[in-house]
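**Q** Let me begin by handing over the structure; questions about it come next.
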Amino acid sequence: MTANAHELMKIVEGSHGDPHHILGLHHVPLDSKMVKVIRVFNPEATSVEVFVPNSPEKRVEMDKIHNIGFFEATWPDKYGDEYMLDFCAYSGDRWQSYDPYSFGPVLTDLDLHLFGNGTHYEIFNKLGAHPMTVDGVAGVHFAVWAPNARRVSVVGDFNSWHGLRHPMRILQRSGIWEIFIPGIGAGDNYKFEVKALNNNIQLKSDPYSNFNELRPGSASIVYDIDRYKWQDEKWFVSRDNKDPLAGPINIYEVHLGSWQRGDDGRFLTYVELANKLVPYVKKMGYTHVELMPATEYPFDGSWGYQVTGYFAPTSRYGTPDEFMALVDAFHQNDIGVFMDWVPAHFPKDAHGLAYFDGTALYEHQDPRMGEHPEWGTLIFNYGRKEVMNFLIANALFWIEKYHIDGLRVDAVASMLYLDYGKNEGQWVSNAYGGRENIDAVEFIKHMNSIIREKHPNVLMMAEESTEWGGVTKLTKDGGLGFSLKWNMGWMNDFLSYMCKDSVYRKYHHNQLTFAMMYNHSERFLLVLSHDEVVHGKGALINKMPGDVWQKMANLRGAYAFMMGHPGKKLLFMGGELAQFEEWSEAKSLNWFLLDQYEHHQQMQSYVRDLNKMYLNEKALWHNEDQGFGGGFEWINPNDWEHSIFTFFRRAPKMHNDKPVLTPEGNEVQEILVFVCNFTPSPWTAHRIGVPIAGVYKEIINSDEHKYGGSGIINPEPKFSEDIHWDNRPYSIEVAIPPLGVTVLKLQE
C-alpha cells in the first residue's frame, strides 16, 4: 500500500477535504524508483479493474487495500496516463467509467479571487452543475460554496445516493468544493451531501441549480440552459435603442398557476401559457407582463415568495427551455417580461439555503439580524461578499440567460430597516446606533449600479413602502439606483377613497390630490397588485360601494383616474374581469363570468380600450416623472363639494423626432382633459377651464352604454369659449357622467 494510512482513513470516514490528493493517478516512490499508482474508493465495489480506453485488453486488476472499498494498483508507464475503471458491485452490477479523480480543477484562480471579492458577476457559469467536456471526456462539473463543511459530496441516481462515492475537493481558501464526474449529463438528479464540522450530515439542493424536481421532491436536476435558440432579436434591437422610461409601461401582473387552469383543474404548462396568455395580453393592450416569482419554491401557498431555487424556473409548469419559450413568445409579440425577485429573505426548508454548510452561511448567525419573526424566514447576510455575489449574479442570470426585461424587487423596505416587522429586543442597531441596514443599502446600490452599467435598458423596480429618500435616484447621486418605485402611498389613499360611500367622499378629497404633492420626488409605478385582493381584503369590485351597477361604474371611473394620473401602470389579473371573488392561488380566475354576465364582458372591453388609449396617447406618459413641470396639471383640484377632479395631460406634438411648431414658433401641444365625477349625480352642462383654445373631442367615456353605463356622454366636439374659468382664459361645457370619467382630446 502506497497511500498514507491517516489520509486513507479520512477518505473511508468521509472527512477528507482533498480526496484528489489521494485518489486518482499519482507518481509515488516505490522500491527506490517513481511509479504510477492509481487509487480508487468505492464502498459498493467488490472488485475494480483499470484499463486503457479503446484497448480493453490492456488492463490491471486492482488490489483491495481496505475492506470498505479502497483499491490500489500500479499502472505501467507504457499504458500512458489515460485510463478507465471497470467496477463489479456487490449487487452483481457492472459498469465502466472514467475516474473523476483523474481530472484537474475546472475553476481558475481568477474565478476564486473574483467570487471571494464579491465581483464574479457570471459565477452562475461556474458554480452549480454544468455539462461539459474535459480532456475529450463528457460529464458534469459540480461546484458549491460551503466553507465550513467537513466534507461535501455529490449524490444522485448515478451513484445510488451514496455520500462516499463522489466526495469533492475544496479549492484553496475559497470555500468552494468542486468535482468533474464523467459519464453523466443532463437529466440526472443530484444533491449535495454536506457533512458539517459537528459531523451532522444533511442533503442540500444546489443553490445554483438550473432545474429542480417537482414538489414534494427537492432534488436538483442537471440541465443545459444554453441550448435554447432564441428568436427575439427584433425585440432586443427595439428595447435597447430607446429609453424604456420614456415610453408607455402598462403591466399585467400574473400568477402563472391561477391565471387559467385546465378543465381538470391542472396547471397550464409554459407551452400552453405561451399559446393562451401571450395572445390575451396582446389583445388587451398591455405593454408588459409581470410574473409573480417564477423561481423554484416548495409551497404553493407562498405564491413563490419563499424561494429555494434562485437559479431555476419552477418545474410546476415545465422545463427551463419551455419557460424560455414563453418569454420568447412574449417578446415576439412586442410584450416585455418583468419578474418578481426575492432577495429579502428565504425559507428554512431543510433542503434549501438555511444553515447550508452546518453554519449560518447565507444568513446571519444572530437571529436578531438573520430572521424575520413575522414571516418565519431568514434574512440574507448582505455584508458577506459571497452572499452579495450570489444575489447580484442571480439578478444578472435572469436578465442574461432568460432575457428578462426587468425585476420587481420584493420587500425592499424589509431590507432597508433592521427593525422591520420586529419588536423591541428583536433587532440590533447598526454601528452608528441607527435602524438602517447599511450592508443591505450597499448591496442594493452595488446591484443596481452593475445592472445599469451592463444593461442600461433593463428596469429595476422597488416595492418600497416607506419614505426612504432617493429610491430612484442614481447611485452616483446618493440614491438607491432603482428605475421605478411602487407608489404604495397613492394606492392606499386611492383605494381608501374609492371604498367610501360617495356621500362621504367630499370629506376625503385630498386622498386623490395628495399624491401630486410628492410625485416629483421619485419615478413612480401605480399599482393595483395581488396584495390588494387577498387575505380578506376582497376583490377590487367588492371594495366599491353601492349596488352592482354602482360598483361597476365606480371601478370603471377608478381605472380611468389611474390611467390619467402620472406614473406607469400595473393591474393584477382578474381586475379586468371585475370578478367578485377574492383571488386564490389554488384555482383559476373566474373566466366563466364572461360567458354568463354581460357587465363582466363590458368591463373587460372597457379595460382593453383604456389600455389602448394609454398606448396611443403620448400625453399619458411623456415626461410624466417631472410632476407639475411635466405632462400633468390640475385644472381644478379643489371641487371637494361635488367630488369632481379635473386635470389635463400634455406632450409636445412630434414629427420626425422634432417638435411641431406654430407659426409663432411655439410647440404644438397634444392635450388630454380628464373630468372625473365620483358621485352618482350627473351633470349635463358643467363648465371647466382648458389650457388652450380649440376643439375638444371625447375619446372615451366610462359611462358609455357599451361599457354598461347610463349613456351620459359628449357625442359632439366641444368648442372652447373665451370665458375665463378655473383660472384659465378659455373653457368648455361638458356633460359629466355619474360615477364616471370622460376624457377629451384637443383636436388639430
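In the C-alpha cells, the first chain shown is A, the next is B, and so on; residue numbers restart at 1 for each chain, and ligands run from 1 in the order shown.
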Write out as JSON lines a residue-level contact list of segment 98-187 of chain A versus segment 194-198 of chain A with cut-off 6 Å: for each qualifying residue the closest pair of atoms and the distance in Å to one decimal, counting only C-alpha atoms, rows sorted by chain and residue number upward.

**A**
{"residue": "A:Ala149", "atom": "CA", "partner": "A:Ala196", "partner_atom": "CA", "distance": 4.7}
{"residue": "A:Arg150", "atom": "CA", "partner": "A:Leu197", "partner_atom": "CA", "distance": 5.2}
{"residue": "A:Arg151", "atom": "CA", "partner": "A:Lys195", "partner_atom": "CA", "distance": 5.0}
{"residue": "A:Val152", "atom": "CA", "partner": "A:Val194", "partner_atom": "CA", "distance": 4.6}

**Q** Please provide as a list in words all residues within 7 Å of segment 479-495 of chain A, with the sequence filter that same-chain residues fewer than 5 positions apart are discarded (counting only C-alpha atoms).

**A** Ile444, Lys445, Asn448, Ser449, Leu459, Met460, Met461, Ala462, Glu463, Glu464, Ser465, Gly470, Val471, Thr472, Lys473, Leu474, Gln511, Leu512, Ala515, Arg523, Phe524, Leu525, Leu526, Val527 and Leu528 of chain A

**Q** At most 12 Å is the cut-off: for each residue in segment 677-709 of chain A with any atom that close to an atom of segment 604-625 of chain A, write down the nearest atom pair and the distance in Å rounded to one decimal, counting only C-alpha atoms, chain first then increasing number, as JSON lines.

**A**
{"residue": "A:Glu698", "atom": "CA", "partner": "A:Met613", "partner_atom": "CA", "distance": 11.9}
{"residue": "A:Ile699", "atom": "CA", "partner": "A:Met613", "partner_atom": "CA", "distance": 8.4}
{"residue": "A:Ile700", "atom": "CA", "partner": "A:Leu610", "partner_atom": "CA", "distance": 7.9}
{"residue": "A:Asn701", "atom": "CA", "partner": "A:Tyr606", "partner_atom": "CA", "distance": 9.4}
{"residue": "A:Ser702", "atom": "CA", "partner": "A:Tyr606", "partner_atom": "CA", "distance": 7.6}
{"residue": "A:Asp703", "atom": "CA", "partner": "A:Tyr606", "partner_atom": "CA", "distance": 10.1}
{"residue": "A:Glu704", "atom": "CA", "partner": "A:Tyr606", "partner_atom": "CA", "distance": 9.5}
{"residue": "A:His705", "atom": "CA", "partner": "A:Tyr606", "partner_atom": "CA", "distance": 10.8}
{"residue": "A:Lys706", "atom": "CA", "partner": "A:Tyr606", "partner_atom": "CA", "distance": 8.4}
{"residue": "A:Tyr707", "atom": "CA", "partner": "A:Tyr606", "partner_atom": "CA", "distance": 5.9}
{"residue": "A:Gly708", "atom": "CA", "partner": "A:Tyr606", "partner_atom": "CA", "distance": 9.3}
{"residue": "A:Gly709", "atom": "CA", "partner": "A:Tyr606", "partner_atom": "CA", "distance": 10.7}

**Q** Please write the residues from the selection above to a file, keeping all heavy atoms, as a short mmCIF file (atom, residue, chain, number, x, y, z; two decimals), in the first residue's frame.

**A**
data_model
loop_
_atom_site.label_atom_id
_atom_site.label_comp_id
_atom_site.auth_asym_id
_atom_site.auth_seq_id
_atom_site.Cartn_x
_atom_site.Cartn_y
_atom_site.Cartn_z
N GLU A 698 -64.41 64.10 -27.24
CA GLU A 698 -64.38 63.00 -26.28
C GLU A 698 -63.82 61.74 -26.95
O GLU A 698 -64.30 61.35 -28.02
CB GLU A 698 -65.80 62.73 -25.75
CG GLU A 698 -65.87 61.70 -24.65
CD GLU A 698 -67.26 61.63 -24.04
OE1 GLU A 698 -68.13 60.95 -24.63
OE2 GLU A 698 -67.50 62.28 -23.00
N ILE A 699 -62.82 61.12 -26.33
CA ILE A 699 -62.23 59.92 -26.92
C ILE A 699 -62.58 58.66 -26.12
O ILE A 699 -62.46 57.55 -26.64
CB ILE A 699 -60.71 60.04 -27.07
CG1 ILE A 699 -60.02 60.28 -25.72
CG2 ILE A 699 -60.36 61.14 -28.07
CD1 ILE A 699 -58.50 60.22 -25.81
N ILE A 700 -63.00 58.82 -24.88
CA ILE A 700 -63.50 57.68 -24.11
C ILE A 700 -64.34 58.22 -22.96
O ILE A 700 -64.06 59.30 -22.42
CB ILE A 700 -62.35 56.78 -23.59
CG1 ILE A 700 -62.90 55.41 -23.14
CG2 ILE A 700 -61.58 57.44 -22.45
CD1 ILE A 700 -61.82 54.37 -22.91
N ASN A 701 -65.37 57.48 -22.61
CA ASN A 701 -66.25 57.87 -21.51
C ASN A 701 -66.66 56.58 -20.80
O ASN A 701 -67.19 55.66 -21.42
CB ASN A 701 -67.48 58.61 -22.05
CG ASN A 701 -68.35 59.19 -20.96
OD1 ASN A 701 -68.61 58.54 -19.95
ND2 ASN A 701 -68.83 60.41 -21.18
N SER A 702 -66.39 56.53 -19.50
CA SER A 702 -66.66 55.30 -18.75
C SER A 702 -68.15 55.00 -18.64
O SER A 702 -68.53 53.89 -18.23
CB SER A 702 -66.05 55.39 -17.35
OG SER A 702 -66.70 56.37 -16.56
N ASP A 703 -69.01 55.97 -19.03
CA ASP A 703 -70.46 55.79 -18.90
C ASP A 703 -71.12 55.40 -20.21
O ASP A 703 -72.34 55.39 -20.31
CB ASP A 703 -71.08 57.10 -18.36
CG ASP A 703 -72.46 56.89 -17.79
OD1 ASP A 703 -72.64 55.94 -16.99
OD2 ASP A 703 -73.38 57.68 -18.12
N GLU A 704 -70.34 55.08 -21.21
CA GLU A 704 -70.93 54.67 -22.49
C GLU A 704 -71.75 53.39 -22.30
O GLU A 704 -71.42 52.52 -21.48
CB GLU A 704 -69.84 54.43 -23.52
CG GLU A 704 -69.12 55.70 -23.97
CD GLU A 704 -68.13 55.42 -25.08
OE1 GLU A 704 -68.56 54.93 -26.15
OE2 GLU A 704 -66.92 55.68 -24.87
N HIS A 705 -72.82 53.28 -23.08
CA HIS A 705 -73.68 52.10 -23.00
C HIS A 705 -72.89 50.81 -23.23
O HIS A 705 -73.14 49.79 -22.57
CB HIS A 705 -74.82 52.19 -24.03
CG HIS A 705 -75.90 53.17 -23.66
ND1 HIS A 705 -76.56 53.12 -22.46
CD2 HIS A 705 -76.42 54.23 -24.35
CE1 HIS A 705 -77.46 54.09 -22.41
NE2 HIS A 705 -77.39 54.79 -23.55
N LYS A 706 -71.94 50.86 -24.18
CA LYS A 706 -71.21 49.63 -24.49
C LYS A 706 -70.35 49.14 -23.34
O LYS A 706 -69.92 47.98 -23.32
CB LYS A 706 -70.34 49.84 -25.73
CG LYS A 706 -69.20 50.84 -25.57
CD LYS A 706 -68.40 50.95 -26.86
CE LYS A 706 -67.25 51.94 -26.74
NZ LYS A 706 -66.46 52.03 -27.99
N TYR A 707 -70.11 50.02 -22.35
CA TYR A 707 -69.36 49.61 -21.16
C TYR A 707 -70.27 49.31 -19.97
O TYR A 707 -69.79 49.03 -18.87
CB TYR A 707 -68.36 50.69 -20.76
CG TYR A 707 -67.36 51.06 -21.83
CD1 TYR A 707 -67.03 52.39 -22.08
CD2 TYR A 707 -66.74 50.07 -22.60
CE1 TYR A 707 -66.11 52.74 -23.06
CE2 TYR A 707 -65.82 50.41 -23.59
CZ TYR A 707 -65.51 51.74 -23.81
OH TYR A 707 -64.59 52.08 -24.78
N GLY A 708 -71.58 49.40 -20.19
CA GLY A 708 -72.52 49.16 -19.11
C GLY A 708 -72.98 50.42 -18.41
O GLY A 708 -73.62 50.35 -17.36
N GLY A 709 -72.66 51.60 -18.97
CA GLY A 709 -73.02 52.86 -18.35
C GLY A 709 -74.40 53.34 -18.73
O GLY A 709 -75.14 52.68 -19.47
#

**Q** Need the shell around Gly24 of chain A: protein/DNA/RNA residues with any atom at most 10 Å away, counting only C-alpha atoms. Skip same-chain ones fewer than 4 positions apart. Format as an MDAnalysis selection string?

**A** chainID A and resid 19:20 37:41 72 99:103

**Q** Which one is closest to Arg435 of chain A: A:His530, A:His455, A:Met369, A:Tyr280? Count only C-alpha atoms.

**A**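 Closest residue, counting only C-alpha atoms: A:Met369.
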
**Q** Considering only C-alpha atoms, return as number ranges by chain whatever protein or nucleic-acid residues lie within 12 Å of His21 of chain A, sequence-local ones (same chain, fewer than 2 positions apart) excluded.

**A** A: 3-4, 7-8, 10-11, 16-19, 23-28, 38-40, 101-104, 167-171

**Q** Could those residues be written to a file, using N, CA, C and O atoms, as a compact mmCIF listing (two decimals), in the first residue's frame?

**A**
# COMPACT_ATOMS: atom_id res chain seq x y z
N ALA A 3 -0.58 4.44 -0.09
CA ALA A 3 -1.33 5.56 0.47
C ALA A 3 -0.99 5.77 1.93
O ALA A 3 -0.78 4.81 2.68
N ASN A 4 -0.98 7.04 2.34
CA ASN A 4 -0.80 7.37 3.74
C ASN A 4 -2.00 6.84 4.53
O ASN A 4 -3.15 7.10 4.19
N GLU A 7 -4.52 9.46 5.83
CA GLU A 7 -5.36 10.04 4.78
C GLU A 7 -6.33 9.02 4.22
O GLU A 7 -7.47 9.35 3.88
N LEU A 8 -5.87 7.77 4.13
CA LEU A 8 -6.77 6.70 3.67
C LEU A 8 -7.99 6.61 4.57
O LEU A 8 -9.13 6.52 4.10
N LYS A 10 -9.25 8.95 6.42
CA LYS A 10 -10.10 10.13 6.26
C LYS A 10 -11.00 9.98 5.02
O LYS A 10 -12.15 10.43 5.02
N ILE A 11 -10.47 9.32 3.97
CA ILE A 11 -11.30 9.02 2.79
C ILE A 11 -12.41 8.07 3.18
O ILE A 11 -13.59 8.28 2.85
N HIS A 16 -12.21 13.83 4.29
CA HIS A 16 -11.03 14.36 3.63
C HIS A 16 -11.42 15.57 2.77
O HIS A 16 -12.34 15.49 1.96
N GLY A 17 -10.72 16.69 2.97
CA GLY A 17 -11.04 17.90 2.23
C GLY A 17 -10.51 17.92 0.81
O GLY A 17 -10.91 18.76 0.02
N ASP A 18 -9.58 17.00 0.49
CA ASP A 18 -8.99 16.98 -0.86
C ASP A 18 -8.79 15.54 -1.30
O ASP A 18 -7.66 15.05 -1.35
N PRO A 19 -9.87 14.84 -1.61
CA PRO A 19 -9.73 13.43 -1.99
C PRO A 19 -8.89 13.23 -3.25
O PRO A 19 -8.30 12.17 -3.44
N LEU A 23 -6.83 9.99 -4.21
CA LEU A 23 -7.44 9.17 -5.26
C LEU A 23 -6.95 9.61 -6.63
O LEU A 23 -6.40 10.69 -6.81
N GLY A 24 -7.14 8.74 -7.60
CA GLY A 24 -6.70 9.03 -8.95
C GLY A 24 -5.29 8.52 -9.20
O GLY A 24 -4.78 7.65 -8.48
N LEU A 25 -4.65 9.06 -10.25
CA LEU A 25 -3.30 8.63 -10.65
C LEU A 25 -2.26 9.54 -10.03
O LEU A 25 -2.37 10.77 -10.12
N HIS A 26 -1.24 8.92 -9.40
CA HIS A 26 -0.19 9.68 -8.74
C HIS A 26 1.17 9.03 -9.02
O HIS A 26 1.26 7.80 -9.16
N HIS A 27 2.20 9.85 -9.07
CA HIS A 27 3.57 9.36 -9.15
C HIS A 27 4.12 9.28 -7.72
O HIS A 27 4.18 10.30 -7.02
N VAL A 28 4.48 8.08 -7.31
CA VAL A 28 4.95 7.88 -5.94
C VAL A 28 6.25 7.08 -5.95
O VAL A 28 6.53 6.30 -6.87
N ILE A 38 -2.58 4.11 -9.14
CA ILE A 38 -3.97 4.55 -9.23
C ILE A 38 -4.71 4.05 -8.00
O ILE A 38 -4.61 2.87 -7.64
N ARG A 39 -5.44 4.97 -7.36
CA ARG A 39 -6.22 4.59 -6.17
C ARG A 39 -7.69 4.92 -6.41
O ARG A 39 -8.02 5.98 -6.96
N VAL A 40 -8.54 4.05 -5.99
CA VAL A 40 -10.00 4.20 -6.17
C VAL A 40 -10.68 3.85 -4.86
O VAL A 40 -10.29 2.90 -4.18
N TYR A 101 -11.38 11.36 -10.33
CA TYR A 101 -10.22 11.92 -9.62
C TYR A 101 -8.97 11.98 -10.51
O TYR A 101 -7.88 12.25 -10.03
N SER A 102 -9.20 11.78 -11.82
CA SER A 102 -8.09 11.93 -12.77
C SER A 102 -8.12 13.28 -13.47
O SER A 102 -7.26 13.56 -14.30
N PHE A 103 -9.10 14.12 -13.10
CA PHE A 103 -9.26 15.41 -13.76
C PHE A 103 -8.84 16.54 -12.83
O PHE A 103 -9.13 16.53 -11.63
N GLY A 104 -8.18 17.54 -13.40
CA GLY A 104 -7.76 18.69 -12.64
C GLY A 104 -8.90 19.65 -12.38
O GLY A 104 -10.01 19.49 -12.88
N PRO A 167 -16.95 12.27 -3.21
CA PRO A 167 -16.58 13.42 -2.39
C PRO A 167 -15.83 14.45 -3.22
O PRO A 167 -15.07 14.11 -4.14
N MET A 168 -16.04 15.71 -2.92
CA MET A 168 -15.46 16.81 -3.68
C MET A 168 -14.19 17.32 -2.98
O MET A 168 -13.93 17.00 -1.82
N ARG A 169 -13.43 18.14 -3.70
CA ARG A 169 -12.26 18.78 -3.08
C ARG A 169 -12.54 20.26 -2.88
O ARG A 169 -13.26 20.89 -3.67
N ILE A 170 -11.99 20.82 -1.82
CA ILE A 170 -12.12 22.24 -1.56
C ILE A 170 -10.94 22.96 -2.20
O ILE A 170 -9.80 22.49 -2.14
N LEU A 171 -11.22 24.07 -2.86
CA LEU A 171 -10.21 24.79 -3.61
C LEU A 171 -9.63 25.93 -2.76
O LEU A 171 -10.32 26.93 -2.49
